>>> print(open('run33.cif').read())   # mmCIF, N, CA and C atoms and all ligand atoms
data_entry
#
loop_
_atom_site.label_atom_id
_atom_site.label_comp_id
_atom_site.auth_asym_id
_atom_site.auth_seq_id
_atom_site.Cartn_x
_atom_site.Cartn_y
_atom_site.Cartn_z
N MET E 1 118.10 84.65 98.18
CA MET E 1 118.27 86.10 98.30
C MET E 1 119.61 86.52 97.73
N ASN E 2 119.62 87.55 96.88
CA ASN E 2 120.90 88.07 96.40
C ASN E 2 121.44 89.12 97.38
N ARG E 3 122.62 89.64 97.06
CA ARG E 3 123.29 90.56 97.97
C ARG E 3 122.43 91.81 98.23
N LEU E 4 121.86 92.34 97.16
CA LEU E 4 121.01 93.53 97.30
C LEU E 4 119.82 93.23 98.22
N GLN E 5 119.21 92.09 98.05
CA GLN E 5 118.05 91.75 98.88
C GLN E 5 118.43 91.58 100.35
N LYS E 6 119.66 91.13 100.59
CA LYS E 6 120.12 91.04 101.98
C LYS E 6 120.29 92.44 102.59
N ILE E 7 120.83 93.36 101.79
CA ILE E 7 120.99 94.74 102.26
C ILE E 7 119.62 95.35 102.53
N LEU E 8 118.68 95.10 101.62
CA LEU E 8 117.34 95.67 101.76
C LEU E 8 116.61 95.07 102.96
N THR E 9 116.87 93.80 103.24
CA THR E 9 116.27 93.15 104.40
C THR E 9 116.75 93.80 105.69
N ARG E 10 118.07 94.03 105.76
CA ARG E 10 118.64 94.67 106.95
C ARG E 10 118.01 96.05 107.15
N GLU E 11 117.87 96.79 106.04
CA GLU E 11 117.30 98.13 106.14
C GLU E 11 115.82 98.08 106.55
N ALA E 12 115.09 97.11 106.02
CA ALA E 12 113.65 96.99 106.36
C ALA E 12 113.48 96.71 107.85
N LYS E 13 114.33 95.85 108.39
CA LYS E 13 114.26 95.53 109.82
C LYS E 13 114.50 96.80 110.64
N HIS E 14 115.52 97.56 110.23
CA HIS E 14 115.85 98.80 110.93
C HIS E 14 114.71 99.82 110.80
N LYS E 15 114.18 99.98 109.59
CA LYS E 15 113.10 100.95 109.37
C LYS E 15 111.85 100.57 110.17
N ALA E 16 111.58 99.27 110.26
CA ALA E 16 110.42 98.82 111.03
C ALA E 16 110.59 99.17 112.50
N GLU E 17 111.83 99.03 113.00
CA GLU E 17 112.11 99.40 114.39
C GLU E 17 111.90 100.90 114.60
N LEU E 18 112.37 101.69 113.62
CA LEU E 18 112.19 103.15 113.73
C LEU E 18 110.70 103.52 113.72
N VAL E 19 109.94 102.84 112.88
CA VAL E 19 108.50 103.11 112.80
C VAL E 19 107.84 102.79 114.14
N ALA E 20 108.23 101.66 114.73
CA ALA E 20 107.66 101.26 116.02
C ALA E 20 107.98 102.31 117.09
N VAL E 21 109.22 102.80 117.09
CA VAL E 21 109.62 103.83 118.06
C VAL E 21 108.82 105.10 117.83
N ARG E 22 108.66 105.48 116.55
CA ARG E 22 107.91 106.69 116.21
C ARG E 22 106.47 106.60 116.72
N VAL E 23 105.84 105.45 116.51
CA VAL E 23 104.45 105.26 116.93
C VAL E 23 104.36 105.33 118.46
N ARG E 24 105.29 104.61 119.13
CA ARG E 24 105.24 104.59 120.60
C ARG E 24 105.44 105.98 121.18
N LYS E 25 106.45 106.72 120.64
CA LYS E 25 106.72 108.08 121.13
C LYS E 25 105.50 108.98 120.95
N PHE E 26 104.88 108.87 119.77
CA PHE E 26 103.73 109.72 119.47
C PHE E 26 102.61 109.49 120.49
N PHE E 27 102.32 108.22 120.77
CA PHE E 27 101.21 107.93 121.67
C PHE E 27 101.57 108.19 123.13
N LEU E 28 102.81 107.83 123.50
CA LEU E 28 103.22 108.09 124.87
C LEU E 28 103.23 109.58 125.15
N GLY E 29 103.57 110.38 124.13
CA GLY E 29 103.56 111.84 124.24
C GLY E 29 102.16 112.37 124.53
N GLN E 30 101.15 111.60 124.17
CA GLN E 30 99.77 111.98 124.45
C GLN E 30 99.23 111.26 125.68
N GLY E 31 100.13 110.60 126.38
CA GLY E 31 99.73 109.88 127.59
C GLY E 31 98.95 108.62 127.31
N LYS E 32 99.11 108.06 126.09
CA LYS E 32 98.37 106.85 125.71
C LYS E 32 99.35 105.74 125.35
N THR E 33 98.83 104.53 125.34
CA THR E 33 99.62 103.39 124.86
C THR E 33 99.10 103.01 123.48
N PRO E 34 100.01 102.84 122.49
CA PRO E 34 99.52 102.50 121.15
C PRO E 34 98.83 101.14 121.11
N ASP E 35 97.80 101.09 120.28
CA ASP E 35 97.03 99.86 120.06
C ASP E 35 97.56 99.20 118.78
N ILE E 36 97.20 97.95 118.55
CA ILE E 36 97.65 97.23 117.34
C ILE E 36 97.37 98.05 116.08
N LYS E 37 96.18 98.64 116.01
CA LYS E 37 95.78 99.34 114.79
C LYS E 37 96.55 100.65 114.59
N ASP E 38 97.27 101.09 115.60
CA ASP E 38 98.03 102.34 115.48
C ASP E 38 99.35 102.15 114.73
N TYR E 39 99.77 100.91 114.60
CA TYR E 39 101.01 100.63 113.87
C TYR E 39 100.69 100.29 112.42
N PRO E 40 101.54 100.75 111.45
CA PRO E 40 101.38 100.20 110.10
C PRO E 40 101.63 98.70 110.16
N SER E 41 100.87 97.94 109.41
CA SER E 41 100.96 96.49 109.50
C SER E 41 102.36 95.98 109.13
N VAL E 42 102.89 96.49 108.02
CA VAL E 42 104.17 95.98 107.50
C VAL E 42 105.00 97.13 106.95
N VAL E 43 106.34 96.98 107.03
CA VAL E 43 107.27 97.91 106.39
C VAL E 43 108.13 97.13 105.41
N ALA E 44 108.22 97.59 104.18
CA ALA E 44 109.05 96.94 103.15
C ALA E 44 109.99 97.96 102.54
N VAL E 45 111.14 97.50 102.06
CA VAL E 45 112.12 98.39 101.43
C VAL E 45 112.48 97.81 100.06
N CYS E 46 112.58 98.68 99.06
CA CYS E 46 112.97 98.21 97.73
C CYS E 46 114.02 99.12 97.14
N ALA E 47 114.63 98.69 96.04
CA ALA E 47 115.63 99.50 95.36
C ALA E 47 115.84 98.98 93.95
N LYS E 48 116.28 99.88 93.09
CA LYS E 48 116.76 99.48 91.78
C LYS E 48 118.27 99.32 91.89
N MET E 49 118.87 100.28 92.60
CA MET E 49 120.30 100.23 92.87
C MET E 49 120.46 100.30 94.37
N GLU E 50 121.45 99.60 94.88
CA GLU E 50 121.49 99.44 96.32
C GLU E 50 121.72 100.74 97.10
N TYR E 51 122.26 101.78 96.44
CA TYR E 51 122.56 102.99 97.20
C TYR E 51 121.38 103.94 97.30
N ARG E 52 120.28 103.64 96.67
CA ARG E 52 119.10 104.48 96.91
C ARG E 52 117.91 103.56 97.18
N THR E 53 117.44 103.62 98.42
CA THR E 53 116.38 102.70 98.82
C THR E 53 115.10 103.48 99.12
N TYR E 54 113.99 102.80 99.03
CA TYR E 54 112.69 103.42 99.24
C TYR E 54 111.88 102.55 100.19
N THR E 55 111.33 103.17 101.21
CA THR E 55 110.60 102.44 102.24
C THR E 55 109.11 102.69 102.11
N GLY E 56 108.32 101.65 102.25
CA GLY E 56 106.87 101.79 102.23
C GLY E 56 106.24 101.09 103.41
N GLU E 57 105.08 101.58 103.81
CA GLU E 57 104.30 100.97 104.88
C GLU E 57 102.96 100.54 104.31
N THR E 58 102.34 99.58 104.95
CA THR E 58 100.96 99.24 104.61
C THR E 58 100.11 100.49 104.78
N ALA E 59 99.42 100.91 103.75
CA ALA E 59 98.60 102.11 103.83
C ALA E 59 97.66 102.17 102.63
N THR E 60 96.52 102.79 102.82
CA THR E 60 95.63 103.01 101.69
C THR E 60 96.30 104.00 100.74
N ILE E 61 96.01 103.87 99.46
CA ILE E 61 96.58 104.79 98.48
C ILE E 61 95.54 105.07 97.42
N ASP E 62 95.47 106.31 96.99
CA ASP E 62 94.53 106.71 95.96
C ASP E 62 95.08 106.27 94.60
N ARG E 63 94.21 105.75 93.74
CA ARG E 63 94.73 105.23 92.45
C ARG E 63 95.39 106.33 91.63
N TYR E 64 95.00 107.58 91.83
CA TYR E 64 95.59 108.68 91.07
C TYR E 64 96.98 109.06 91.58
N GLU E 65 97.37 108.49 92.71
CA GLU E 65 98.72 108.74 93.25
C GLU E 65 99.69 107.63 92.85
N ILE E 66 99.19 106.63 92.13
CA ILE E 66 100.03 105.49 91.79
C ILE E 66 100.63 105.67 90.40
N ASN E 67 101.93 105.37 90.29
CA ASN E 67 102.63 105.43 89.02
C ASN E 67 101.86 104.61 87.96
N PRO E 68 101.74 105.14 86.74
CA PRO E 68 100.93 104.47 85.72
C PRO E 68 101.37 103.02 85.42
N MET E 69 102.68 102.76 85.42
CA MET E 69 103.13 101.38 85.14
C MET E 69 102.67 100.44 86.25
N LEU E 70 102.86 100.88 87.48
CA LEU E 70 102.47 100.06 88.63
C LEU E 70 100.95 99.90 88.68
N LEU E 71 100.23 100.99 88.46
CA LEU E 71 98.77 100.94 88.47
C LEU E 71 98.26 99.96 87.42
N GLY E 72 98.86 100.02 86.23
CA GLY E 72 98.47 99.12 85.15
C GLY E 72 98.65 97.67 85.54
N GLU E 73 99.80 97.35 86.12
CA GLU E 73 100.07 95.96 86.53
C GLU E 73 99.09 95.53 87.62
N LEU E 74 98.88 96.39 88.61
CA LEU E 74 97.99 96.05 89.73
C LEU E 74 96.58 95.77 89.22
N GLU E 75 96.08 96.66 88.37
CA GLU E 75 94.68 96.53 87.96
C GLU E 75 94.51 95.45 86.88
N TRP E 76 95.53 95.25 86.06
CA TRP E 76 95.45 94.22 85.02
C TRP E 76 95.55 92.82 85.64
N LYS E 77 96.51 92.64 86.55
CA LYS E 77 96.75 91.30 87.10
C LYS E 77 95.87 90.98 88.31
N LEU E 78 95.44 92.02 89.05
CA LEU E 78 94.73 91.77 90.31
C LEU E 78 93.30 92.30 90.32
N GLY E 79 93.14 93.55 89.95
CA GLY E 79 91.80 94.15 90.00
C GLY E 79 91.88 95.57 90.52
N PRO E 80 90.72 96.19 90.74
CA PRO E 80 90.70 97.60 91.17
C PRO E 80 91.44 97.83 92.49
N ILE E 81 92.08 98.98 92.61
CA ILE E 81 92.80 99.36 93.83
C ILE E 81 91.81 99.31 95.01
N GLY E 82 92.28 98.74 96.12
CA GLY E 82 91.47 98.72 97.33
C GLY E 82 90.51 97.54 97.43
N THR E 83 90.56 96.63 96.44
CA THR E 83 89.66 95.47 96.50
C THR E 83 90.44 94.23 96.94
N LYS E 84 89.69 93.19 97.29
CA LYS E 84 90.31 91.91 97.66
C LYS E 84 90.40 91.02 96.43
N THR E 85 91.34 90.07 96.46
CA THR E 85 91.48 89.12 95.35
C THR E 85 91.46 87.69 95.89
N ILE E 86 91.45 86.74 94.97
CA ILE E 86 91.50 85.34 95.38
C ILE E 86 92.91 84.94 95.80
N TYR E 87 93.91 85.80 95.56
CA TYR E 87 95.31 85.43 95.82
C TYR E 87 95.75 85.71 97.25
N ALA E 88 95.05 86.59 97.95
CA ALA E 88 95.48 86.98 99.30
C ALA E 88 94.27 87.25 100.18
N ASP E 89 94.28 86.70 101.37
CA ASP E 89 93.13 86.84 102.27
C ASP E 89 93.08 88.18 103.00
N ASN E 90 94.28 88.67 103.36
CA ASN E 90 94.32 89.82 104.26
C ASN E 90 94.89 91.08 103.63
N SER E 91 94.90 91.14 102.31
CA SER E 91 95.46 92.31 101.63
C SER E 91 94.44 92.92 100.69
N TYR E 92 94.63 94.22 100.45
CA TYR E 92 93.82 94.93 99.47
C TYR E 92 94.76 95.38 98.35
N VAL E 93 94.30 95.29 97.13
CA VAL E 93 95.14 95.63 95.97
C VAL E 93 95.73 97.04 96.12
N GLY E 94 97.06 97.12 96.11
CA GLY E 94 97.76 98.40 96.14
C GLY E 94 98.09 98.93 97.52
N TYR E 95 97.50 98.33 98.57
CA TYR E 95 97.68 98.89 99.92
C TYR E 95 98.86 98.29 100.69
N CYS E 96 99.49 97.25 100.17
CA CYS E 96 100.60 96.61 100.88
C CYS E 96 101.82 97.54 100.96
N ALA E 97 102.72 97.21 101.88
CA ALA E 97 103.97 97.97 102.02
C ALA E 97 104.78 97.92 100.72
N GLU E 98 104.75 96.78 100.02
CA GLU E 98 105.57 96.62 98.82
C GLU E 98 105.17 97.59 97.71
N PRO E 99 103.91 97.63 97.28
CA PRO E 99 103.56 98.61 96.24
C PRO E 99 103.74 100.05 96.71
N ASN E 100 103.54 100.32 98.01
CA ASN E 100 103.78 101.68 98.49
C ASN E 100 105.25 102.06 98.37
N ALA E 101 106.16 101.10 98.67
CA ALA E 101 107.60 101.36 98.51
C ALA E 101 107.95 101.50 97.03
N ALA E 102 107.44 100.60 96.20
CA ALA E 102 107.74 100.63 94.76
C ALA E 102 107.23 101.92 94.14
N ASN E 103 106.09 102.40 94.60
CA ASN E 103 105.53 103.64 94.04
C ASN E 103 106.47 104.82 94.30
N LYS E 104 107.09 104.83 95.48
CA LYS E 104 108.06 105.90 95.77
C LYS E 104 109.25 105.81 94.83
N LEU E 105 109.74 104.58 94.63
CA LEU E 105 110.88 104.39 93.71
C LEU E 105 110.51 104.88 92.31
N LEU E 106 109.33 104.51 91.86
CA LEU E 106 108.91 104.84 90.49
C LEU E 106 108.73 106.34 90.28
N ARG E 107 108.54 107.09 91.36
CA ARG E 107 108.44 108.55 91.24
C ARG E 107 109.80 109.18 90.98
N ARG E 108 110.88 108.48 91.39
CA ARG E 108 112.22 109.06 91.31
C ARG E 108 113.10 108.43 90.25
N GLU E 109 112.83 107.18 89.89
CA GLU E 109 113.75 106.45 89.01
C GLU E 109 113.02 105.96 87.77
N ARG E 110 113.76 105.94 86.67
CA ARG E 110 113.20 105.46 85.42
C ARG E 110 113.51 103.98 85.28
N ILE E 111 112.52 103.16 85.16
CA ILE E 111 112.77 101.74 84.94
C ILE E 111 111.85 101.24 83.84
N HIS E 112 112.23 100.12 83.25
CA HIS E 112 111.47 99.59 82.11
C HIS E 112 110.48 98.51 82.54
N SER E 113 110.74 97.92 83.70
CA SER E 113 109.91 96.80 84.14
C SER E 113 109.93 96.74 85.65
N LEU E 114 108.83 96.27 86.23
CA LEU E 114 108.80 96.10 87.69
C LEU E 114 109.80 95.05 88.13
N ASP E 115 110.28 94.23 87.19
CA ASP E 115 111.29 93.22 87.51
C ASP E 115 112.63 93.85 87.87
N ASP E 116 112.79 95.15 87.58
CA ASP E 116 114.03 95.85 87.94
C ASP E 116 114.02 96.28 89.40
N ILE E 117 112.91 96.07 90.09
CA ILE E 117 112.80 96.48 91.49
C ILE E 117 113.04 95.28 92.41
N TYR E 118 113.96 95.44 93.34
CA TYR E 118 114.27 94.38 94.31
C TYR E 118 113.74 94.76 95.68
N PHE E 119 113.30 93.76 96.43
CA PHE E 119 112.81 93.96 97.79
C PHE E 119 113.61 93.09 98.74
N GLY E 120 113.76 93.57 99.98
CA GLY E 120 114.26 92.70 101.03
C GLY E 120 113.07 92.04 101.70
N LYS E 121 113.32 91.29 102.74
CA LYS E 121 112.22 90.79 103.55
C LYS E 121 111.51 91.98 104.18
N ALA E 122 110.22 91.84 104.44
CA ALA E 122 109.44 92.92 105.05
C ALA E 122 109.18 92.57 106.52
N TYR E 123 109.00 93.60 107.32
CA TYR E 123 108.84 93.39 108.77
C TYR E 123 107.59 94.05 109.32
N ARG E 124 107.05 93.46 110.38
CA ARG E 124 105.92 94.05 111.09
C ARG E 124 106.50 94.88 112.23
N PRO E 125 106.32 96.22 112.19
CA PRO E 125 106.94 97.08 113.20
C PRO E 125 106.56 96.72 114.64
N ARG E 126 105.32 96.36 114.84
CA ARG E 126 104.85 96.13 116.21
C ARG E 126 105.54 94.94 116.87
N THR E 127 105.90 93.93 116.06
CA THR E 127 106.46 92.70 116.63
C THR E 127 107.88 92.41 116.19
N GLY E 128 108.35 93.07 115.11
CA GLY E 128 109.68 92.78 114.58
C GLY E 128 109.75 91.47 113.82
N VAL E 129 108.60 90.92 113.48
CA VAL E 129 108.54 89.62 112.78
C VAL E 129 108.56 89.83 111.26
N VAL E 130 109.25 88.93 110.55
CA VAL E 130 109.28 88.97 109.08
C VAL E 130 107.89 88.60 108.54
N ILE E 131 107.40 89.39 107.59
CA ILE E 131 106.11 89.11 106.97
C ILE E 131 106.32 88.78 105.49
N PRO E 132 106.09 87.54 105.11
CA PRO E 132 106.29 87.15 103.70
C PRO E 132 105.33 87.93 102.78
N PRO E 133 105.74 88.15 101.53
CA PRO E 133 104.85 88.88 100.61
C PRO E 133 103.56 88.11 100.38
N CYS E 134 102.46 88.85 100.29
CA CYS E 134 101.16 88.20 100.09
C CYS E 134 101.05 87.72 98.64
N GLY E 135 100.00 86.97 98.37
CA GLY E 135 99.79 86.44 97.03
C GLY E 135 99.68 87.52 95.97
N ASN E 136 99.07 88.64 96.32
CA ASN E 136 98.97 89.76 95.37
C ASN E 136 100.36 90.26 94.99
N CYS E 137 101.19 90.50 96.00
CA CYS E 137 102.53 91.05 95.74
C CYS E 137 103.39 90.06 94.96
N GLN E 138 103.20 88.77 95.21
CA GLN E 138 103.96 87.77 94.45
C GLN E 138 103.55 87.77 92.99
N LYS E 139 102.31 88.14 92.69
CA LYS E 139 101.85 88.21 91.29
C LYS E 139 102.43 89.42 90.57
N ILE E 140 102.72 90.48 91.34
CA ILE E 140 103.14 91.74 90.74
C ILE E 140 104.66 91.89 90.69
N PHE E 141 105.32 91.44 91.75
CA PHE E 141 106.77 91.66 91.87
C PHE E 141 107.50 90.32 91.85
N ASN E 142 108.41 90.17 90.88
CA ASN E 142 109.18 88.92 90.81
C ASN E 142 110.28 88.87 91.85
N ASN E 143 110.75 90.04 92.29
CA ASN E 143 111.92 90.08 93.16
C ASN E 143 111.61 90.38 94.61
N VAL E 144 110.48 89.85 95.10
CA VAL E 144 110.22 89.84 96.54
C VAL E 144 110.83 88.55 97.10
N VAL E 145 111.12 88.56 98.40
CA VAL E 145 111.69 87.38 99.04
C VAL E 145 110.57 86.54 99.64
N ARG E 146 110.39 85.34 99.10
CA ARG E 146 109.28 84.49 99.57
C ARG E 146 109.64 83.72 100.83
ZN ZN D 201 101.04 92.29 99.46
#
>>> encode(input="run33.cif", output="structure tokens")
Amino acid sequence: MNRLQKILTREAKHKAELVAVRVRKFFLGQGKTPDIKDYPSVVAVCAKMEYRTYTGETATIDRYEINPMLLGELEWKLGPIGTKTIYADNSYVGYCAEPNAANKLLRRERIHSLDDIYFGKAYRPRTGVVIPPCGNCQKIFNNVVR
């Protein structure tokens, strides 16, 4: 891990904690206890430069909302958005926290290659546990922390 990835890891851990608090508050406010499915599976943070970071959660995403460079890489290397691949058992193409975070970055910053995007470790909000990048994300992003 380089220095930037360490910073991003710290931020991802913090963001995952905030997400967990947000989910709990929302459900407790309705007199309910959140269930596993009420939490986003994973939170990841990425950056091109360390002073502007972008956070993503595991979530479905419409292919028309995905940056063309990212969409091209996802569909060329993996397959159609929302499908399963041979590289990852529990992920759908484009739905991971990592591409969701990268897509936010790509909306604001000009980059020439996805290799310019760095990620910290990603966290599961519900448990606070580090979640390694899935096989799909490892195919798309060189700078995830394995
Ligand atoms: Zn993934």
>>> closest_atom_pairs(input="run33.cif", of="chain E", to="ligand ZN 201 (chain D)", cutoff="5 Å", atoms="all atoms listed in the file", output="JSON lines")
{"residue": "E:Cys96", "atom": "CA", "partner": "D:ZN201", "partner_atom": "ZN", "distance": 4.6}
{"residue": "E:Pro133", "atom": "C", "partner": "D:ZN201", "partner_atom": "ZN", "distance": 5.0}
{"residue": "E:Cys134", "atom": "N", "partner": "D:ZN201", "partner_atom": "ZN", "distance": 3.8}
{"residue": "E:Asn136", "atom": "C", "partner": "D:ZN201", "partner_atom": "ZN", "distance": 5.0}
{"residue": "E:Cys137", "atom": "N", "partner": "D:ZN201", "partner_atom": "ZN", "distance": 3.9}
>>> select_by_dssp(input="run33.cif", residues="range 5-146 of chain E", states="strand (DSSP E)", output="count of residues only")
18
>>> residues_around(input="run33.cif", residues="Ile131 in chain E", least_positions_apart="2", cutoff="8 Å", atoms="only N, CA and C atoms", output="JSON, numbers by chain")
{"E": [42, 43, 121, 122, 123, 124, 128, 129, 133, 134, 145, 146]}
>>> residues_around(input="run33.cif", residues="Tyr92 in chain E", least_positions_apart="4", cutoff="10 Å", atoms="only C-alpha atoms", output="list in words")
Thr58, Ala59, Thr60, Leu78, Gly79, Pro80, Ile81, Gly82, Thr83, Lys84, Thr85, Ala88, Cys96, Cys134 and Asn136 of chain E
>>> residues_around(input="run33.cif", residues="range 100-112 of chain E", least_positions_apart="2", cutoff="8 Å", atoms="only C-alpha atoms", output="number ranges by chain")
E: 44-48, 53-59, 61, 66-67, 70, 94-98, 114, 116-117
>>> select_by_dssp(input="run33.cif", residues="chain E", states="helix (DSSP H, G or I)", output="number ranges by chain")
E: 3-29, 36-38, 63-65, 68-77, 97-108, 114-116, 135-140
>>> atom_distance(input="run33.cif", atom1="CA of Lys25 in chain E", atom2="CA of Ala12 in chain E")
19.7 Å
